[in-house]
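The block underneath contains the structure these notes are about, expressed in structure tokens.
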Amino acid sequence: MANLRERLKELILKKEGINKEEVLRLFKESKDLIDFRKKLQEANLLKEEEYCQFLSQETGLVYFDLSKFKIDKSQVGLIPQELAYKYQVLPISKIKNAITLACSDPPDLLVLDDLRLKLGSDIDLVLVKPSQIRIVLEEVYKKESPEHFLGTLESSMDNQAEVVGEEEAVIGYDVVAESSKPPIVRVVDLVISEALNRRASDIHIEPEEDRIKIRYRIDGVLHEAFSLPKKNQNAIIARLKIMSSLNITESRIPQDGRFKVRLENKEVDFRVSSLPTKYGEKFVLRALDKSNLSIGLEKLGFSERPRQLFEEALKKPFGILLVTGPTGSGKSTTLYSIINHLNTPQRNIITIEDPVEYQIEGITQIQVYPEIGLTFANCLRAVLRQSPDVIMVGEIRDSETADIAIKASLTGELILSTLHTNDSVGAITRLVDMGVEPYLLASSLVMTSAQRLCRKICPQCKTSYKVSQKVLEKLGLKDKDIDFYIGKGCPSCRGTGYLGREAVLEVLLVDDKIKEMIVSKETEEKIASYACKELDFRTLREDALDKAFRGVTSLKEVFRIT
């Protein structure tokens, strides 16, 4: 795929009248072939048919025009809806034990293996235009999606003006009135309830040129769910703004809000973010379910060794504990679970957050407002005068916050915070790079941890399989007979093979030797090497592999997250 991306760049650069600097910029900004293709198409530098012909020539796959072929809908049903949308593939025929799949981008070998396992068939590929796949998928799965229940929407809203240009993007009060009519209310309620039924953590409402695309993030992965009519865009946006207490007359700047819903005697908070885009405002709704805040680290899915180290660190009366990892790795949930665990009438617990995600009784929670000078650093200074026992700082973003947090942990407070680094040892050098004196860091640091979330295999369709010796050698397991597991896909997991997520963790408990190494500014490699040899330190990869050995997650998921 990397070579194809390079060759596509060369093809575009050979065109006459092309802005070569723009092509090179898009190439540099793109993550892979598919991302590069999309950026080129958005910049009108590449046509769909041209891309298909390029792929056909490079890969030897046949280019197929779906508009000249009558699709047998019974054949499309050979693949679950979630898989079809996830990989953008379309079954068009089955002969004996081979299924012909139409695709817009050739899947990599891991994806093909995944499809073969879940379909239980050999696979032949043909190339089609991306837009053709989307149209057919929406048509075939229309009755199986929430869009089936929106049939009355088009007819009941025919008198509403259709959005055709940016000048109509400002929401007027007539549209606000329209947003309170039952069809729009039902549609927004349906989008939210369907997300909760599917266990989605985020709802993405994305305006496009000819539709509103709805996507759900389930177990950390985005899935396209269905589309809504473009003509109802302004009314839907107005409804969301009214629910979230946002400014309904402002569409030029980002806004943040929140609202609460009740489903089956359970209250779920939603944090709402709007962002102006070319085709209207995009909304992302983050579901914050308090029931996910487990009391007890064992309920977060921590393996035994990391959990023991975590619990040992929490016994310290003061110091700083850091949870690191990228966005969406479960850092906040871990910190909230710890706070819940420590929340007793004998402790004064204060949190400083941006924003306050979960509202917890018995805890003082502060929302920072940098625009009026209420920053993490200023809040932390004020909080230290409130006689706290435990302080949770949402994130250490700058040297000032880091310096105050370190010094506060030396005066008797237990400080919990997050940091954006790739691993637990990297947190040490990151803080030193921020300007924290090594001798202060060595005195205050109790523990650093790095975290990821792995998807758990669906127990209903879990099946074992063998991997090649080449893969075992790569994992350092040469000549061993080990079974790995995968989910084949079933109604319970909506064809994904996964159901729920669990934390993968590496924990570095700082001992006297590591304190000495921090003061002497030893490298990350030396600190990690010492921890592995002397402290039974396990990396993220090792913890994830342990879960794969136990059948909790798949080998593919191990490679995805570590």
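Ligands are numbered from 1 in the order shown, chains are lettered A, B, ... in the order of the structure tokens, and residues start at 1 in each chain.
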Please produce, as a Markdown table, a per-residue contact table for stretch 379-475 of chain A versus stretch 341-358 of chain A (criterion: any atom at most 7 Å away, only C-alpha atoms considered), showing the nearest atom pair and its distance in Å to one decimal, sorted by chain then residue number.
| residue | atom | partner | partner_atom | distance |
| --- | --- | --- | --- | --- |
| A:Pro388 | CA | A:Asn348 | CA | 5.1 |
| A:Asp389 | CA | A:Asn348 | CA | 5.2 |
| A:Val390 | CA | A:Ile349 | CA | 4.8 |
| A:Ile391 | CA | A:Ile350 | CA | 5.0 |
| A:Met392 | CA | A:Thr351 | CA | 4.5 |
| A:Val393 | CA | A:Ile352 | CA | 5.0 |
| A:Gly394 | CA | A:Glu353 | CA | 4.6 |
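All residues of stretch 78-139 of chain A that DSSP, run on the backbone, classes as helix (DSSP H, G or I) are Gln81, Glu82, Leu83, Ala84, Tyr85, Lys86, Tyr87, Leu109, Leu110, Val111, Leu112, Asp113, Asp114, Leu115, Arg116, Leu117, Lys118, Leu119, Pro130, Ser131, Gln132, Ile133, Arg134, Ile135, Val136, Leu137, Glu138 and Glu139 of chain A.
Checking A:Gly362, A:Leu4, A:Gln233, A:Thr463 one by one against A:Asp108, counting only C-alpha atoms, you find the shortest gap at A:Leu4.
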> When distances are computed from only C-alpha atoms, which of A:Leu26, A:Val368, A:Val510, A:Pro254 shows the smallest separation from A:Glu312?
Replying inline: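 So, comparing all the options, the nearest one is A:Val510.
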> Could you name the residues that touch A:Leu314 at 12 Å or less, counting only C-alpha atoms, but leaving out those on the same chain fewer than 3 positions away, as a ChimeraX atom specification?
Replying inline: /A:296-297,307-311,317-322,335,338-339,341-342,390,414-416,446-448,509
Restricted to C-alpha atoms, what would the selected residues look like written as a short mmCIF file (atom, residue, chain, number, x, y, z; two decimals), in the first residue's frame?
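Wrote selection.cif, looks like this:
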data_model
loop_
_atom_site.label_atom_id
_atom_site.label_comp_id
_atom_site.auth_asym_id
_atom_site.auth_seq_id
_atom_site.Cartn_x
_atom_site.Cartn_y
_atom_site.Cartn_z
CA GLY A 296 -12.02 -1.20 42.00
CA LEU A 297 -9.22 -1.48 39.48
CA ARG A 307 -3.11 -3.95 39.13
CA GLN A 308 -0.90 -4.93 42.07
CA LEU A 309 1.59 -2.16 41.22
CA PHE A 310 -1.23 0.37 40.84
CA GLU A 311 -2.72 -0.54 44.21
CA PRO A 317 0.14 9.24 51.34
CA PHE A 318 1.61 11.82 48.96
CA GLY A 319 3.43 12.12 45.65
CA ILE A 320 2.42 12.26 41.98
CA LEU A 321 0.87 9.45 39.94
CA LEU A 322 0.74 9.83 36.15
CA LEU A 335 -8.51 8.49 36.95
CA ILE A 338 -9.38 5.87 41.20
CA ILE A 339 -11.15 8.99 42.50
CA HIS A 341 -12.15 4.38 44.95
CA LEU A 342 -10.57 7.08 47.15
CA VAL A 390 -6.16 14.38 46.78
CA LEU A 414 -1.54 13.03 46.42
CA ILE A 415 -1.60 14.36 42.84
CA LEU A 416 -3.21 12.40 40.00
CA VAL A 446 5.58 7.61 42.75
CA MET A 447 4.38 5.91 39.58
CA THR A 448 3.97 6.40 35.86
CA LEU A 509 6.77 1.94 40.13
#
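The spacing separating atom CA of A:Ser104 from atom CA of A:Glu10 amounts to 20.1 Å.
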>> Between A:Cys490, A:Ser303, A:Arg25, A:Arg385, which residue has the minimum interatomic distance to A:Ala544, considering only C-alpha atoms?
In response: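 Among the listed residues, A:Ser303 lies closest to A:Ala544.
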>> So that I can check the secondary structure, give me every residue of stretch 289-405 of chain A assigned strand (DSSP E or B) by backbone DSSP, as a PyMOL selection string.
In response: chain A and resi 289+319-324+349-353+364-367+369+374+390-393
Counting only C-alpha atoms, what is within 10 Å of A:Leu453, bar same-chain residues fewer than 5 positions away, as a short mmCIF file (atom, residue, chain, number, x, y, z; two decimals) with all heavy atoms, in the first residue's frame?
data_model
loop_
_atom_site.label_atom_id
_atom_site.label_comp_id
_atom_site.auth_asym_id
_atom_site.auth_seq_id
_atom_site.Cartn_x
_atom_site.Cartn_y
_atom_site.Cartn_z
N ASP A 219 -16.54 0.72 20.53
CA ASP A 219 -15.30 0.05 20.94
C ASP A 219 -14.07 0.70 20.30
O ASP A 219 -13.13 0.04 19.87
CB ASP A 219 -15.34 -1.45 20.61
CG ASP A 219 -16.41 -2.18 21.40
OD1 ASP A 219 -16.74 -1.70 22.49
OD2 ASP A 219 -16.91 -3.21 20.91
N GLY A 220 -14.11 2.03 20.21
CA GLY A 220 -12.95 2.79 19.72
C GLY A 220 -12.84 2.93 18.22
O GLY A 220 -11.94 3.59 17.73
N GLY A 301 -10.36 -4.16 34.03
CA GLY A 301 -9.73 -5.15 33.17
C GLY A 301 -8.23 -5.17 33.28
O GLY A 301 -7.55 -5.77 32.43
N GLY A 325 -0.85 8.29 27.76
CA GLY A 325 -1.43 7.61 26.60
C GLY A 325 -2.05 8.60 25.66
O GLY A 325 -2.26 9.78 26.01
N GLY A 328 -8.30 9.10 23.84
CA GLY A 328 -9.17 7.94 23.66
C GLY A 328 -8.62 6.64 24.19
O GLY A 328 -9.13 5.57 23.86
N SER A 329 -7.59 6.71 25.03
CA SER A 329 -7.00 5.47 25.56
C SER A 329 -7.54 5.11 26.94
O SER A 329 -7.05 4.18 27.57
CB SER A 329 -5.47 5.60 25.62
OG SER A 329 -5.08 6.69 26.44
N GLY A 330 -8.53 5.86 27.44
CA GLY A 330 -9.16 5.51 28.71
C GLY A 330 -8.51 6.13 29.93
O GLY A 330 -8.79 5.71 31.06
N LYS A 331 -7.65 7.14 29.74
CA LYS A 331 -6.95 7.76 30.87
C LYS A 331 -7.93 8.38 31.87
O LYS A 331 -7.82 8.17 33.08
CB LYS A 331 -5.98 8.85 30.39
CG LYS A 331 -4.91 8.37 29.44
CD LYS A 331 -3.89 9.45 29.14
CE LYS A 331 -4.47 10.69 28.50
NZ LYS A 331 -5.03 10.45 27.16
N GLY A 500 -17.12 -4.84 23.53
CA GLY A 500 -16.54 -4.20 24.71
C GLY A 500 -15.04 -4.01 24.60
O GLY A 500 -14.40 -4.50 23.65
N ARG A 501 -14.50 -3.28 25.57
CA ARG A 501 -13.05 -3.02 25.59
C ARG A 501 -12.48 -3.22 26.98
O ARG A 501 -13.21 -3.24 27.97
CB ARG A 501 -12.76 -1.58 25.13
CG ARG A 501 -12.98 -1.35 23.66
CD ARG A 501 -12.48 -0.01 23.21
NE ARG A 501 -13.26 1.10 23.72
CZ ARG A 501 -12.96 2.38 23.51
NH1 ARG A 501 -11.88 2.69 22.81
NH2 ARG A 501 -13.72 3.34 24.00
N GLU A 502 -11.17 -3.38 27.02
CA GLU A 502 -10.47 -3.62 28.28
C GLU A 502 -9.13 -2.89 28.24
O GLU A 502 -8.53 -2.73 27.17
CB GLU A 502 -10.26 -5.13 28.47
CG GLU A 502 -9.97 -5.54 29.89
CD GLU A 502 -10.06 -7.05 30.07
OE1 GLU A 502 -11.18 -7.55 30.29
OE2 GLU A 502 -9.02 -7.73 29.98
N ALA A 503 -8.66 -2.48 29.41
CA ALA A 503 -7.41 -1.70 29.48
C ALA A 503 -6.18 -2.60 29.33
O ALA A 503 -6.12 -3.68 29.90
CB ALA A 503 -7.35 -0.94 30.80
N VAL A 504 -5.23 -2.10 28.54
CA VAL A 504 -3.89 -2.69 28.46
C VAL A 504 -2.96 -1.70 29.13
O VAL A 504 -3.01 -0.50 28.85
CB VAL A 504 -3.47 -2.91 26.99
CG1 VAL A 504 -2.02 -3.34 26.90
CG2 VAL A 504 -4.37 -3.95 26.34
N LEU A 505 -2.10 -2.19 30.02
CA LEU A 505 -1.38 -1.29 30.90
C LEU A 505 0.08 -1.68 31.08
O LEU A 505 0.41 -2.87 31.09
CB LEU A 505 -2.06 -1.30 32.28
CG LEU A 505 -1.91 -0.09 33.19
CD1 LEU A 505 -2.66 1.10 32.62
CD2 LEU A 505 -2.41 -0.40 34.58
N ALA A 544 -0.57 -6.78 26.38
CA ALA A 544 -1.56 -7.06 25.34
C ALA A 544 -1.45 -8.51 24.85
O ALA A 544 -2.47 -9.18 24.63
CB ALA A 544 -1.38 -6.09 24.18
N GLU A 557 -5.61 -7.19 17.09
CA GLU A 557 -5.85 -6.05 17.97
C GLU A 557 -4.58 -5.68 18.75
O GLU A 557 -4.32 -4.50 19.01
CB GLU A 557 -7.00 -6.39 18.94
CG GLU A 557 -7.50 -5.22 19.76
CD GLU A 557 -8.28 -4.20 18.97
OE1 GLU A 557 -8.43 -4.36 17.74
OE2 GLU A 557 -8.73 -3.22 19.57
N VAL A 558 -3.79 -6.68 19.11
CA VAL A 558 -2.51 -6.42 19.80
C VAL A 558 -1.62 -5.55 18.94
O VAL A 558 -1.05 -4.55 19.41
CB VAL A 558 -1.79 -7.75 20.14
CG1 VAL A 558 -0.36 -7.48 20.63
CG2 VAL A 558 -2.57 -8.54 21.17
N ILE A 561 -2.92 -1.75 18.58
CA ILE A 561 -2.85 -0.78 19.67
C ILE A 561 -1.46 -0.60 20.25
O ILE A 561 -1.21 0.34 21.00
CB ILE A 561 -3.82 -1.15 20.82
CG1 ILE A 561 -3.40 -2.47 21.48
CG2 ILE A 561 -5.24 -1.19 20.34
CD1 ILE A 561 -4.11 -2.75 22.77
N THR A 562 -0.51 -1.51 19.94
CA THR A 562 0.82 -1.38 20.55
C THR A 562 1.89 -1.21 19.47
O THR A 562 2.07 -2.07 18.65
CB THR A 562 1.16 -2.60 21.42
OG1 THR A 562 1.14 -3.79 20.63
CG2 THR A 562 0.19 -2.72 22.56
#
> Skipping near chain neighbours, those fewer than 4 positions away, what residues fall within 10 Å of A:Arg199 using only C-alpha atoms, listed as a list in words?
Replying inline: Ser193, Glu194, Ala195, Tyr216, Arg217, Ile218, Asp219, Ala287, Leu499 and Gly500 of chain A
> Between A:Leu45, A:Leu78, A:Ile396, A:Val471, which is the closest to A:Gly17 once you count only C-alpha atoms?
Replying inline: A:Leu45
> Taking only C-alpha atoms into account, which of A:Leu90, A:Ile133, A:Val23, A:Leu13 comes nearest A:Ser67?
Replying inline: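 Distance minimum relative to A:Ser67 lands on A:Ile133.
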>> At a cut-off of 10 Å, using only C-alpha atoms, what residues contact A:Lys513? Leave out same-chain residues fewer than 3 positions from it and give the result as a ChimeraX atom specification.
In response: /A:510,516-518,527,530-531
Prev. selection, C-alpha atoms, output as a PDB file, in the first residue's frame:
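Result saved to part-v7.pdb:
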ATOM      1  CA  VAL A 510       9.606   4.338  40.958  1.00  0.00           C
ATOM      2  CA  GLU A 516      19.041   8.006  41.212  1.00  0.00           C
ATOM      3  CA  MET A 517      18.778   7.449  37.453  1.00  0.00           C
ATOM      4  CA  ILE A 518      16.377  10.401  37.125  1.00  0.00           C
ATOM      5  CA  ILE A 527      15.637   3.116  32.853  1.00  0.00           C
ATOM      6  CA  TYR A 530      16.698  -1.746  34.548  1.00  0.00           C
ATOM      7  CA  ALA A 531      12.930  -1.946  35.204  1.00  0.00           C
TER       8      ALA A 531
END
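Ranking A:Ala225, A:Val185, A:Leu535, A:Leu24 by their shortest atom-to-atom distance to A:Ala238, with only C-alpha atoms included, puts A:Val185 first.
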> Between atom CA of A:His223 and atom CA of A:Cys454, what is the spacing in Å?
Replying inline: 16.8 Å
>> Set the distance at 10 Å and use only C-alpha atoms: which residues neighbour A:Phe559 once local chain neighbours fewer than 4 positions away are removed? I'd like the list as a PyMOL selection string.
In response: chain A and resi 541+544-545+554-555
> What separation in Å, quoted to one decimal, exists between atom CA of A:Gln88 and atom CA of A:Arg215?
Replying inline: 14.0 Å
